[in-house]
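The file coords-v5.tsv contains TSV, C-alpha atoms:
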```tsv
chain	number	residue	atom	x	y	z
A	1	MET	CA	-3.86	45.57	11.91
A	2	THR	CA	-5.85	42.45	11.24
A	3	ASP	CA	-5.41	43.07	7.56
A	4	ALA	CA	-1.84	41.84	7.90
A	5	SER	CA	-3.14	38.28	8.19
A	6	ILE	CA	-4.60	38.40	4.70
A	7	ASN	CA	-1.52	39.79	3.04
A	8	THR	CA	-0.33	36.76	1.14
A	9	HIS	CA	2.49	38.38	-0.78
A	10	THR	CA	5.06	37.50	1.83
A	11	LEU	CA	3.60	34.13	2.80
A	12	GLN	CA	4.25	30.68	1.39
A	13	PRO	CA	1.20	29.26	-0.39
A	14	GLU	CA	-0.79	27.53	2.33
A	15	ALA	CA	-1.77	23.91	1.91
A	16	SER	CA	-5.39	22.90	1.60
A	17	PHE	CA	-6.87	19.83	3.30
A	18	GLY	CA	-6.58	17.97	0.02
A	19	ASP	CA	-2.82	18.57	-0.08
A	20	TYR	CA	-2.45	16.78	3.24
A	21	VAL	CA	-4.59	13.93	1.93
A	22	ALA	CA	-2.36	13.74	-1.17
A	23	LEU	CA	0.65	13.47	1.16
A	24	LEU	CA	-0.73	10.10	2.33
A	25	LYS	CA	-0.76	8.67	-1.23
A	26	PRO	CA	-4.47	7.77	-1.34
A	27	ARG	CA	-4.08	5.52	-4.41
A	28	VAL	CA	-1.50	3.35	-2.65
A	29	MET	CA	-3.76	3.39	0.42
A	30	SER	CA	-6.68	2.02	-1.59
A	31	LEU	CA	-4.57	-0.96	-2.70
A	32	VAL	CA	-3.44	-1.51	0.90
A	33	VAL	CA	-7.06	-1.40	2.12
A	34	PHE	CA	-8.12	-3.96	-0.50
A	35	THR	CA	-5.31	-6.48	0.11
A	36	ALA	CA	-5.49	-6.11	3.92
A	37	LEU	CA	-9.25	-6.65	3.77
A	38	VAL	CA	-8.79	-9.81	1.71
A	39	GLY	CA	-6.19	-11.07	4.21
A	40	LEU	CA	-8.59	-10.40	7.06
A	41	LEU	CA	-11.64	-12.00	5.42
A	42	ALA	CA	-9.73	-15.03	4.11
A	43	ALA	CA	-8.55	-15.91	7.64
A	44	PRO	CA	-10.22	-18.94	9.23
A	45	VAL	CA	-11.28	-16.92	12.27
A	46	GLY	CA	-13.90	-14.18	12.08
A	47	VAL	CA	-13.61	-10.77	13.69
A	48	HIS	CA	-16.29	-8.36	14.81
A	49	PRO	CA	-17.08	-5.99	11.88
A	50	MET	CA	-16.30	-2.92	13.99
A	51	ILE	CA	-12.88	-4.28	14.96
A	52	GLY	CA	-12.23	-5.33	11.36
A	53	PHE	CA	-13.22	-1.90	10.05
A	54	ALA	CA	-11.13	0.00	12.60
A	55	SER	CA	-8.11	-2.28	12.04
A	56	ILE	CA	-8.22	-1.81	8.26
A	57	LEU	CA	-8.50	1.94	8.80
A	58	PHE	CA	-5.43	2.01	11.05
A	59	ILE	CA	-3.47	-0.14	8.59
A	60	ALA	CA	-4.42	2.40	5.88
A	61	VAL	CA	-3.30	5.28	8.12
A	62	GLY	CA	0.02	3.50	8.70
A	63	ALA	CA	0.46	3.08	4.94
A	64	GLY	CA	-0.37	6.77	4.48
A	65	ALA	CA	2.18	7.72	7.13
A	66	SER	CA	4.93	5.81	5.32
A	67	GLY	CA	3.84	7.59	2.12
A	68	ALA	CA	4.31	10.96	3.83
A	69	LEU	CA	7.79	9.92	5.06
A	70	ASN	CA	8.64	8.80	1.51
A	71	MET	CA	7.56	12.18	0.12
A	72	TRP	CA	9.61	14.01	2.76
A	73	TRP	CA	12.79	12.09	1.96
A	74	ASP	CA	12.33	11.94	-1.82
A	75	ALA	CA	11.24	15.55	-2.42
A	76	ASP	CA	14.46	16.23	-4.37
A	77	ILE	CA	13.99	13.40	-6.87
A	78	ASP	CA	10.20	13.86	-7.01
A	79	ALA	CA	10.81	17.44	-8.18
A	80	VAL	CA	12.73	16.31	-11.31
A	81	MET	CA	10.41	13.49	-12.36
A	82	LYS	CA	7.38	14.52	-14.42
A	83	ARG	CA	5.15	11.88	-12.80
A	84	THR	CA	5.84	13.13	-9.25
A	85	ALA	CA	6.65	16.85	-9.65
A	86	LYS	CA	3.14	17.88	-8.57
A	87	ARG	CA	3.30	16.07	-5.22
A	88	PRO	CA	2.64	18.44	-2.27
A	89	VAL	CA	6.26	18.77	-1.06
A	90	PRO	CA	8.05	19.38	-4.41
A	91	ALA	CA	5.13	21.64	-5.45
A	92	GLY	CA	5.85	23.80	-2.37
A	93	LYS	CA	2.41	23.35	-0.83
A	94	VAL	CA	3.55	21.39	2.22
A	95	GLU	CA	6.82	22.12	4.03
A	96	PRO	CA	9.24	19.14	4.15
A	97	GLY	CA	9.35	19.38	7.96
A	98	GLU	CA	5.59	19.23	8.08
A	99	ALA	CA	5.56	16.08	5.96
A	100	LEU	CA	8.11	14.50	8.31
A	101	ALA	CA	6.08	15.47	11.39
A	102	ILE	CA	2.86	14.12	9.91
A	103	GLY	CA	4.59	10.90	8.84
A	104	VAL	CA	6.16	10.23	12.23
A	105	ALA	CA	3.04	11.19	14.22
A	106	LEU	CA	0.66	9.14	12.09
A	107	SER	CA	3.03	6.13	12.14
A	108	GLY	CA	3.02	6.07	15.95
A	109	PHE	CA	-0.72	6.70	16.06
A	110	ALA	CA	-1.54	3.92	13.57
A	111	VAL	CA	0.66	1.30	15.31
A	112	VAL	CA	-0.65	2.08	18.82
A	113	MET	CA	-4.28	2.17	17.67
A	114	LEU	CA	-3.91	-1.10	15.74
A	115	ALA	CA	-2.41	-2.75	18.85
A	116	LEU	CA	-5.39	-1.56	20.91
A	117	ALA	CA	-7.99	-2.46	18.28
A	118	SER	CA	-6.60	-5.91	17.40
A	119	ASN	CA	-3.38	-7.42	18.71
A	120	LEU	CA	0.36	-6.92	19.09
A	121	VAL	CA	1.34	-9.22	16.20
A	122	ALA	CA	-0.66	-7.12	13.71
A	123	ALA	CA	0.69	-3.89	15.20
A	124	GLY	CA	4.26	-5.24	15.14
A	125	LEU	CA	3.90	-6.19	11.47
A	126	LEU	CA	2.54	-2.73	10.67
A	127	ALA	CA	5.45	-1.05	12.50
A	128	PHE	CA	7.91	-3.27	10.60
A	129	THR	CA	6.21	-2.44	7.28
A	130	ILE	CA	6.42	1.32	7.89
A	131	LEU	CA	10.09	1.06	8.92
A	132	PHE	CA	10.85	-1.16	5.95
A	133	TYR	CA	9.25	1.20	3.44
A	134	ALA	CA	10.48	4.48	4.94
A	135	VAL	CA	13.99	3.46	6.01
A	136	VAL	CA	15.08	0.30	4.15
A	137	TYR	CA	13.44	1.14	0.79
A	138	THR	CA	13.17	4.94	0.62
A	139	MET	CA	16.32	5.99	2.45
A	140	TRP	CA	18.63	3.11	1.63
A	141	LEU	CA	17.83	0.84	-1.30
A	142	LYS	CA	16.03	3.15	-3.74
A	143	ARG	CA	19.09	5.26	-4.59
A	144	TRP	CA	21.65	2.52	-4.14
A	145	THR	CA	20.77	-0.67	-6.01
A	146	PRO	CA	18.81	-1.60	-9.15
A	147	GLN	CA	17.26	-4.38	-7.05
A	148	ASN	CA	15.51	-1.59	-5.08
A	149	ILE	CA	12.00	-2.51	-6.14
A	150	VAL	CA	12.50	-6.25	-5.57
A	151	ILE	CA	13.28	-5.81	-1.88
A	152	GLY	CA	11.16	-2.67	-1.54
A	153	GLY	CA	8.23	-4.63	-2.93
A	154	ALA	CA	8.12	-6.45	0.40
A	155	ALA	CA	6.67	-3.31	1.99
A	156	GLY	CA	3.72	-3.42	-0.39
A	157	ALA	CA	3.32	-7.15	0.21
A	158	PHE	CA	2.79	-6.99	3.98
A	159	PRO	CA	-0.82	-5.63	4.18
A	160	PRO	CA	-2.61	-9.00	3.60
A	161	MET	CA	-0.35	-10.53	6.28
A	162	ILE	CA	-1.34	-7.75	8.67
A	163	GLY	CA	-5.04	-8.29	7.86
A	164	TRP	CA	-4.60	-12.03	8.49
A	165	ALA	CA	-2.84	-11.28	11.80
A	166	VAL	CA	-5.72	-8.99	12.87
A	167	ALA	CA	-8.06	-12.00	12.65
A	168	THR	CA	-5.80	-14.84	13.79
A	169	GLY	CA	-3.22	-13.09	15.98
A	170	GLY	CA	-0.42	-14.87	14.10
A	171	ILE	CA	1.23	-15.76	10.80
A	172	GLY	CA	0.21	-18.74	8.66
A	173	LEU	CA	1.27	-20.48	5.47
A	174	GLU	CA	-1.61	-18.80	3.65
A	175	SER	CA	-0.65	-15.31	4.81
A	176	VAL	CA	2.96	-15.93	3.72
A	177	LEU	CA	1.68	-17.06	0.30
A	178	MET	CA	-0.37	-13.88	-0.07
A	179	PHE	CA	2.79	-11.93	0.83
A	180	LEU	CA	4.82	-13.84	-1.76
A	181	LEU	CA	2.16	-13.30	-4.43
A	182	ILE	CA	2.58	-9.49	-4.20
A	183	PHE	CA	6.33	-9.73	-3.56
A	184	MET	CA	7.04	-11.78	-6.71
A	185	TRP	CA	4.53	-9.78	-8.77
A	186	THR	CA	6.18	-6.42	-8.04
A	187	PRO	CA	9.38	-6.82	-10.16
A	188	PRO	CA	7.70	-7.73	-13.50
A	189	HIS	CA	5.03	-5.08	-12.84
A	190	PHE	CA	7.55	-2.29	-12.19
A	191	TRP	CA	10.14	-3.28	-14.75
A	192	ALA	CA	7.48	-3.37	-17.48
A	193	LEU	CA	6.67	0.22	-16.45
A	194	ALA	CA	10.37	1.13	-16.42
A	195	LEU	CA	10.79	-0.22	-19.96
A	196	PHE	CA	8.51	2.49	-21.35
A	197	MET	CA	9.05	5.21	-18.68
A	198	ASN	CA	12.74	5.18	-17.83
A	199	ALA	CA	13.62	8.70	-19.04
A	200	ASP	CA	12.25	10.03	-15.75
A	201	TYR	CA	14.27	7.69	-13.54
A	202	GLU	CA	17.42	8.40	-15.53
A	203	LYS	CA	16.97	12.14	-15.01
A	204	ALA	CA	16.48	11.68	-11.25
A	205	GLY	CA	19.50	9.38	-10.92
A	206	VAL	CA	17.45	6.49	-9.50
A	207	PRO	CA	19.24	3.23	-10.38
A	208	MET	CA	16.48	1.46	-12.27
A	209	LEU	CA	17.51	-1.84	-13.84
A	210	THR	CA	16.82	-0.41	-17.31
A	211	VAL	CA	19.35	2.37	-16.61
A	212	THR	CA	22.09	0.35	-14.90
A	213	HIS	CA	21.98	-2.96	-16.79
A	214	GLY	CA	20.09	-2.08	-19.95
A	215	ARG	CA	16.84	-3.17	-21.44
A	216	ARG	CA	17.94	-6.66	-22.53
A	217	VAL	CA	18.71	-7.63	-18.92
A	218	THR	CA	15.42	-6.05	-17.76
A	219	ARG	CA	13.48	-8.12	-20.29
A	220	ASN	CA	15.22	-11.28	-19.03
A	221	HIS	CA	14.36	-10.35	-15.44
A	222	VAL	CA	10.68	-9.77	-16.27
A	223	LEU	CA	10.43	-13.26	-17.74
A	224	ALA	CA	12.40	-14.90	-14.90
A	225	TYR	CA	10.24	-13.41	-12.16
A	226	THR	CA	7.03	-14.23	-14.05
A	227	VAL	CA	8.14	-17.87	-14.40
A	228	LEU	CA	8.85	-18.01	-10.65
A	229	LEU	CA	5.57	-16.29	-9.80
A	230	ALA	CA	3.28	-18.62	-11.79
A	231	PRO	CA	3.66	-21.88	-9.77
A	232	LEU	CA	3.44	-19.92	-6.54
A	233	ALA	CA	0.22	-18.19	-7.58
A	234	VAL	CA	-1.39	-21.38	-8.90
A	235	GLY	CA	-0.14	-23.44	-5.93
A	236	THR	CA	-1.99	-21.12	-3.53
A	237	ALA	CA	-5.22	-22.60	-4.96
A	238	PHE	CA	-4.55	-25.81	-2.98
A	239	THR	CA	-4.34	-24.14	0.43
A	240	SER	CA	-7.23	-23.22	2.73
A	241	ILE	CA	-7.70	-19.80	1.07
A	242	GLY	CA	-7.91	-21.30	-2.45
A	243	GLY	CA	-10.59	-23.25	-4.26
A	244	PRO	CA	-11.99	-23.91	-7.75
A	245	VAL	CA	-12.79	-20.23	-8.43
A	246	TYR	CA	-9.28	-19.18	-7.46
A	247	LEU	CA	-7.68	-22.06	-9.40
A	248	LEU	CA	-9.53	-21.20	-12.61
A	249	THR	CA	-8.77	-17.46	-12.24
A	250	SER	CA	-5.13	-18.12	-11.46
A	251	VAL	CA	-4.53	-20.58	-14.30
A	252	VAL	CA	-6.01	-18.21	-16.90
A	253	LEU	CA	-4.21	-15.13	-15.53
A	254	ASN	CA	-0.85	-16.87	-15.23
A	255	ALA	CA	-1.10	-18.26	-18.75
A	256	LEU	CA	-1.75	-14.73	-20.05
A	257	PHE	CA	0.98	-13.28	-17.82
A	258	LEU	CA	3.55	-15.85	-18.98
A	259	LEU	CA	2.61	-15.22	-22.59
A	260	GLY	CA	3.02	-11.45	-22.08
A	261	ALA	CA	6.39	-11.88	-20.36
A	262	TRP	CA	7.58	-14.20	-23.13
A	263	ARG	CA	6.55	-11.63	-25.77
A	264	ILE	CA	8.49	-8.93	-23.87
A	265	TRP	CA	11.54	-11.21	-23.63
A	266	ARG	CA	11.40	-12.24	-27.29
A	267	ARG	CA	11.64	-8.78	-28.81
A	268	ASP	CA	14.40	-6.20	-28.87
A	269	GLU	CA	14.45	-2.47	-28.40
A	270	GLU	CA	13.97	-1.68	-32.10
A	271	ALA	CA	10.75	-3.67	-32.30
A	272	ALA	CA	9.52	-2.05	-29.08
A	273	GLN	CA	10.21	1.45	-30.33
A	274	ALA	CA	8.56	0.65	-33.66
A	275	ASP	CA	5.16	0.05	-32.04
A	276	LYS	CA	5.72	2.49	-29.13
A	277	TYR	CA	6.09	-0.21	-26.45
A	278	LYS	CA	2.65	-1.68	-27.16
A	279	VAL	CA	3.54	-5.11	-25.70
A	280	GLU	CA	5.13	-3.60	-22.56
A	281	LYS	CA	2.17	-1.31	-21.98
A	282	SER	CA	-0.38	-4.10	-22.35
A	283	PHE	CA	1.69	-6.31	-20.01
A	284	PHE	CA	1.68	-3.50	-17.44
A	285	GLY	CA	-2.10	-3.15	-17.75
A	286	LEU	CA	-2.48	-6.91	-17.39
A	287	SER	CA	-0.28	-6.89	-14.28
A	288	LEU	CA	-2.74	-4.55	-12.51
A	289	LEU	CA	-5.63	-6.82	-13.43
A	290	TYR	CA	-3.56	-9.87	-12.41
A	291	LEU	CA	-3.14	-8.78	-8.81
A	292	PHE	CA	-6.65	-7.40	-8.45
A	293	LEU	CA	-8.30	-10.58	-9.77
A	294	HIS	CA	-6.10	-12.94	-7.70
A	295	PHE	CA	-7.09	-11.16	-4.50
A	296	GLY	CA	-10.66	-10.84	-5.80
A	297	ALA	CA	-10.74	-14.64	-6.24
A	298	ILE	CA	-9.45	-15.21	-2.69
A	299	LEU	CA	-12.19	-12.86	-1.49
A	300	MET	CA	-14.75	-14.76	-3.55
A	301	GLU	CA	-13.71	-18.09	-2.00
A	302	ALA	CA	-14.05	-16.53	1.47
A	303	ALA	CA	-17.48	-15.09	0.58
A	304	LEU	CA	-18.71	-18.47	-0.72
A	305	ARG	CA	-17.49	-20.41	2.34
A	306	PRO	CA	-20.52	-19.68	4.59
A	307	TYR	CA	-22.74	-21.26	1.90
A	308	GLY	CA	-20.58	-24.38	1.72
A	309	LEU	CA	-19.33	-23.48	-1.75
A	310	GLY	CA	-15.89	-21.91	-1.19
A	311	GLY	CA	-12.65	-23.86	-0.99
A	312	TRP	CA	-12.34	-27.58	-1.79
A	313	GLY	CA	-15.23	-28.47	0.50
B	1	MET	CA	-12.80	47.00	5.05
B	2	SER	CA	-14.38	43.98	6.58
B	3	PHE	CA	-13.11	41.34	8.97
B	4	ARG	CA	-15.01	38.58	7.21
B	5	ALA	CA	-13.06	35.78	5.61
B	6	THR	CA	-13.27	36.83	2.02
B	7	HIS	CA	-9.79	35.98	0.84
B	8	GLU	CA	-9.04	32.71	-0.92
B	9	LEU	CA	-6.55	31.97	1.87
B	10	HIS	CA	-9.35	32.08	4.43
B	11	ARG	CA	-11.42	29.65	2.42
B	12	ARG	CA	-8.50	27.23	2.34
B	13	ARG	CA	-7.97	27.60	6.09
B	14	ALA	CA	-11.68	27.03	6.73
B	15	GLY	CA	-11.57	23.92	4.56
B	16	ARG	CA	-8.60	22.62	6.53
B	17	ASN	CA	-10.28	23.33	9.86
B	18	ILE	CA	-13.52	21.64	8.83
B	19	GLY	CA	-11.57	18.67	7.46
B	20	LEU	CA	-9.64	18.28	10.70
B	21	ALA	CA	-12.84	18.61	12.73
B	22	LEU	CA	-14.46	15.81	10.73
B	23	VAL	CA	-11.37	13.60	11.15
B	24	LEU	CA	-11.41	14.16	14.93
B	25	LEU	CA	-15.15	13.47	15.14
B	26	ALA	CA	-14.69	10.26	13.14
B	27	PHE	CA	-11.86	9.23	15.50
B	28	ILE	CA	-14.11	9.78	18.54
B	29	ALA	CA	-16.84	7.68	16.91
B	30	ILE	CA	-14.36	4.86	16.15
B	31	VAL	CA	-12.91	4.79	19.67
B	32	PHE	CA	-16.44	4.79	21.10
B	33	GLY	CA	-17.53	1.98	18.77
B	34	LEU	CA	-14.41	-0.07	19.55
B	35	THR	CA	-14.95	0.40	23.28
B	36	VAL	CA	-18.56	-0.73	23.11
B	37	VAL	CA	-17.62	-3.83	21.08
B	38	LYS	CA	-14.68	-4.76	23.33
B	39	VAL	CA	-16.57	-4.28	26.58
B	40	THR	CA	-19.73	-6.08	25.47
B	41	SER	CA	-17.99	-9.01	23.77
B	42	GLY	CA	-17.46	-10.50	27.27
B	43	ASP	CA	-14.03	-12.00	26.63
B	44	PRO	CA	-11.75	-12.34	29.63
B	45	MET	CA	-9.79	-9.13	29.39
B	46	GLN	CA	-7.97	-6.58	31.44
B	47	ALA	CA	-9.26	-3.05	31.48
B	48	PHE	CA	-6.07	-1.20	30.65
B	49	ASP	CA	-6.03	-2.20	26.98
B	50	HIS	CA	-9.23	-4.26	26.53
B	51	VAL	CA	-7.29	-7.02	24.78
B	52	PRO	CA	-8.74	-10.49	25.40
B	53	ARG	CA	-6.50	-12.75	27.48
B	54	PRO	CA	-7.69	-16.37	27.27
B	55	GLU	CA	-5.16	-17.39	29.91
B	56	MET	CA	-7.26	-15.51	32.47
B	57	ALA	CA	-10.02	-18.12	32.20
B	58	THR	CA	-9.26	-20.68	34.90
B	59	ASP	CA	-11.44	-23.67	33.94
B	60	GLY	CA	-11.27	-23.51	30.17
B	61	THR	CA	-14.63	-21.76	29.82
B	62	PRO	CA	-14.67	-18.07	28.98
B	63	ALA	CA	-15.29	-15.93	32.03
B	64	GLN	CA	-18.09	-13.42	31.60
B	65	GLY	CA	-17.75	-9.77	32.51
B	66	ASP	CA	-14.73	-10.01	34.79
```
As a first step, turn the structure in this file into structure tokens.
Amino acid sequence: MTDASINTHTLQPEASFGDYVALLKPRVMSLVVFTALVGLLAAPVGVHPMIGFASILFIAVGAGASGALNMWWDADIDAVMKRTAKRPVPAGKVEPGEALAIGVALSGFAVVMLALASNLVAAGLLAFTILFYAVVYTMWLKRWTPQNIVIGGAAGAFPPMIGWAVATGGIGLESVLMFLLIFMWTPPHFWALALFMNADYEKAGVPMLTVTHGRRVTRNHVLAYTVLLAPLAVGTAFTSIGGPVYLLTSVVLNALFLLGAWRIWRRDEEAAQADKYKVEKSFFGLSLLYLFLHFGAILMEAALRPYGLGGWG
Amino acid sequence: MSFRATHELHRRRAGRNIGLALVLLAFIAIVFGLTVVKVTSGDPMQAFDHVPRPEMATDGTPAQGD
């Protein structure tokens, strides 16, 4: 009688704990944790470490919840793309309904807990971020417009603003600048990836700029956004979160980033295919370093401040 | 025939149960830690959500332990 419970022939493969963790997109969560932490530590007001830790955790849970909602909605296109075919829902490990339930439940949980741990502004921003990513980006923009990642990038740009709001209870010029840094960085970062990966998106019918407008237009866009990003990133050095360390980091990184974008813009598809997208790939690698080091420099300025060394003194 | 969990499926279920147990224990620890910090920080606050409310201080100085 009890043996029936171990007869797996008729059962769906059951998910392991790790499959549920994968549903929350842990790699995206780690980026959210880092940028939210920088936002929190760069704020002029300190918070108790326990409150800071709990708030960052709930922001990460909220980000994970929106990841689960994204996987629920996008299971059909994830299944046809090589990069995403092994995600828990398209792989058949987690039922789509389960992913939806986990996403909705964790979203509510994260927002309520963040409100209790910190304040309503931070919780409101987190709720808006989850809605923006799950509804505006995933359900609406992603399959509709090639500008999907430009506007969708806003969802990834909110975490430092939420971290800042945890500490200050509001929004400031500096937190908006940190938002804009990620927001303007997203298009060149993603379009460089799309230049050497677009076969997948084409197969899934996602309107990537490379598919809808061609590679020449994409190359122009990469350069345009990089040119707009540079003064914004360097200008942040002269606000209360910046300082000499940030300025030096930013000037070097933006010079390299502009050079990379110009090299992408200068060449055509034949040249790119000849060296297997070497320039595009190195620009993509640099873009990861670019964001990490900018936020690392903001963190460094905040860490030096207690010793009278951070900022412009 | 034994009733012990010998099947791979049982191992996966056990892993899930232990994982969930650890998550719940961590949540209890966090709520406890948050409560201790909020209650002992001595900000003027109301008990229902333990959120500081500066407007509750009448003379501009923070009220202790209200």
Up to 9 Å from (8.6, 3.1, 7.9) in the file's coordinates: name the residues, counting only C-alpha atoms, as a PDB file with C-alpha atoms, in the frame of the given file.
```
ATOM      1  CA  GLY A  62       0.020   3.500   8.700  1.00  0.00           C
ATOM      2  CA  ALA A  63       0.460   3.080   4.940  1.00  0.00           C
ATOM      3  CA  ALA A  65       2.180   7.720   7.130  1.00  0.00           C
ATOM      4  CA  SER A  66       4.930   5.810   5.320  1.00  0.00           C
ATOM      5  CA  GLY A  67       3.840   7.590   2.120  1.00  0.00           C
ATOM      6  CA  LEU A  69       7.790   9.920   5.060  1.00  0.00           C
ATOM      7  CA  ASN A  70       8.640   8.800   1.510  1.00  0.00           C
ATOM      8  CA  GLY A 103       4.590  10.900   8.840  1.00  0.00           C
ATOM      9  CA  VAL A 104       6.160  10.230  12.230  1.00  0.00           C
ATOM     10  CA  SER A 107       3.030   6.130  12.140  1.00  0.00           C
ATOM     11  CA  LEU A 126       2.540  -2.730  10.670  1.00  0.00           C
ATOM     12  CA  ALA A 127       5.450  -1.050  12.500  1.00  0.00           C
ATOM     13  CA  PHE A 128       7.910  -3.270  10.600  1.00  0.00           C
ATOM     14  CA  THR A 129       6.210  -2.440   7.280  1.00  0.00           C
ATOM     15  CA  ILE A 130       6.420   1.320   7.890  1.00  0.00           C
ATOM     16  CA  LEU A 131      10.090   1.060   8.920  1.00  0.00           C
ATOM     17  CA  PHE A 132      10.850  -1.160   5.950  1.00  0.00           C
ATOM     18  CA  TYR A 133       9.250   1.200   3.440  1.00  0.00           C
ATOM     19  CA  ALA A 134      10.480   4.480   4.940  1.00  0.00           C
ATOM     20  CA  VAL A 135      13.990   3.460   6.010  1.00  0.00           C
ATOM     21  CA  VAL A 136      15.080   0.300   4.150  1.00  0.00           C
ATOM     22  CA  TYR A 137      13.440   1.140   0.790  1.00  0.00           C
ATOM     23  CA  THR A 138      13.170   4.940   0.620  1.00  0.00           C
ATOM     24  CA  ALA A 155       6.670  -3.310   1.990  1.00  0.00           C
TER      25      ALA A 155
END
```
Calculate how many Å separate CA of Ala42 in chain A from CA of Pro160 in chain A, rounding to one decimal.
9.3 Å
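Every chain A residue lying within 7 Å of chain B, based on only C-alpha atoms, is listed here: Ile6, Ser16, Phe17, Met50, Ile51, Ala54, Leu116 and Ala117 of chain A.
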Which residues, written as a PyMOL selection string, have at least one atom at most 12 Å from Met178 in chain A, with all atoms listed in the file counted and residues fewer than 2 positions away on the same chain left out?
chain A and resi 35-36+38-40+42-43+154+156-164+171-176+180-185+229+232-237+239-242+291+294-295+298-299
From A:Val21, A:Asn119, A:Val245, A:Val227, residue lying nearest Leu309 in chain A [only C-alpha atoms]:
A:Val245
Calculate how many Å separate CA of Leu304 in chain A from CA of Thr168 in chain A, rounding to one decimal.
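For CA of Leu304 in chain A relative to CA of Thr168 in chain A, the distance reads 19.8 Å.
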One decimal, in Å: what's the spacing between CA of Trp72 in chain A and CA of Pro188 in chain A?
27.2 Å
Of the listed residues A:Ala165, A:Pro49, A:Ala15, A:Val61, that which approaches Lys93 in chain A most closely, counting all atoms listed in the file:
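Using all atoms listed in the file, the shortest distance to Lys93 in chain A belongs to A:Ala15.
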Can you list, as a PyMOL selection string, every protein, DNA or RNA residue that comes within 6 Å of range 200-215 of chain A when you count all atoms listed in the file, leaving out same-chain residues fewer than 6 positions away?
chain A and resi 77+80-81+143+146
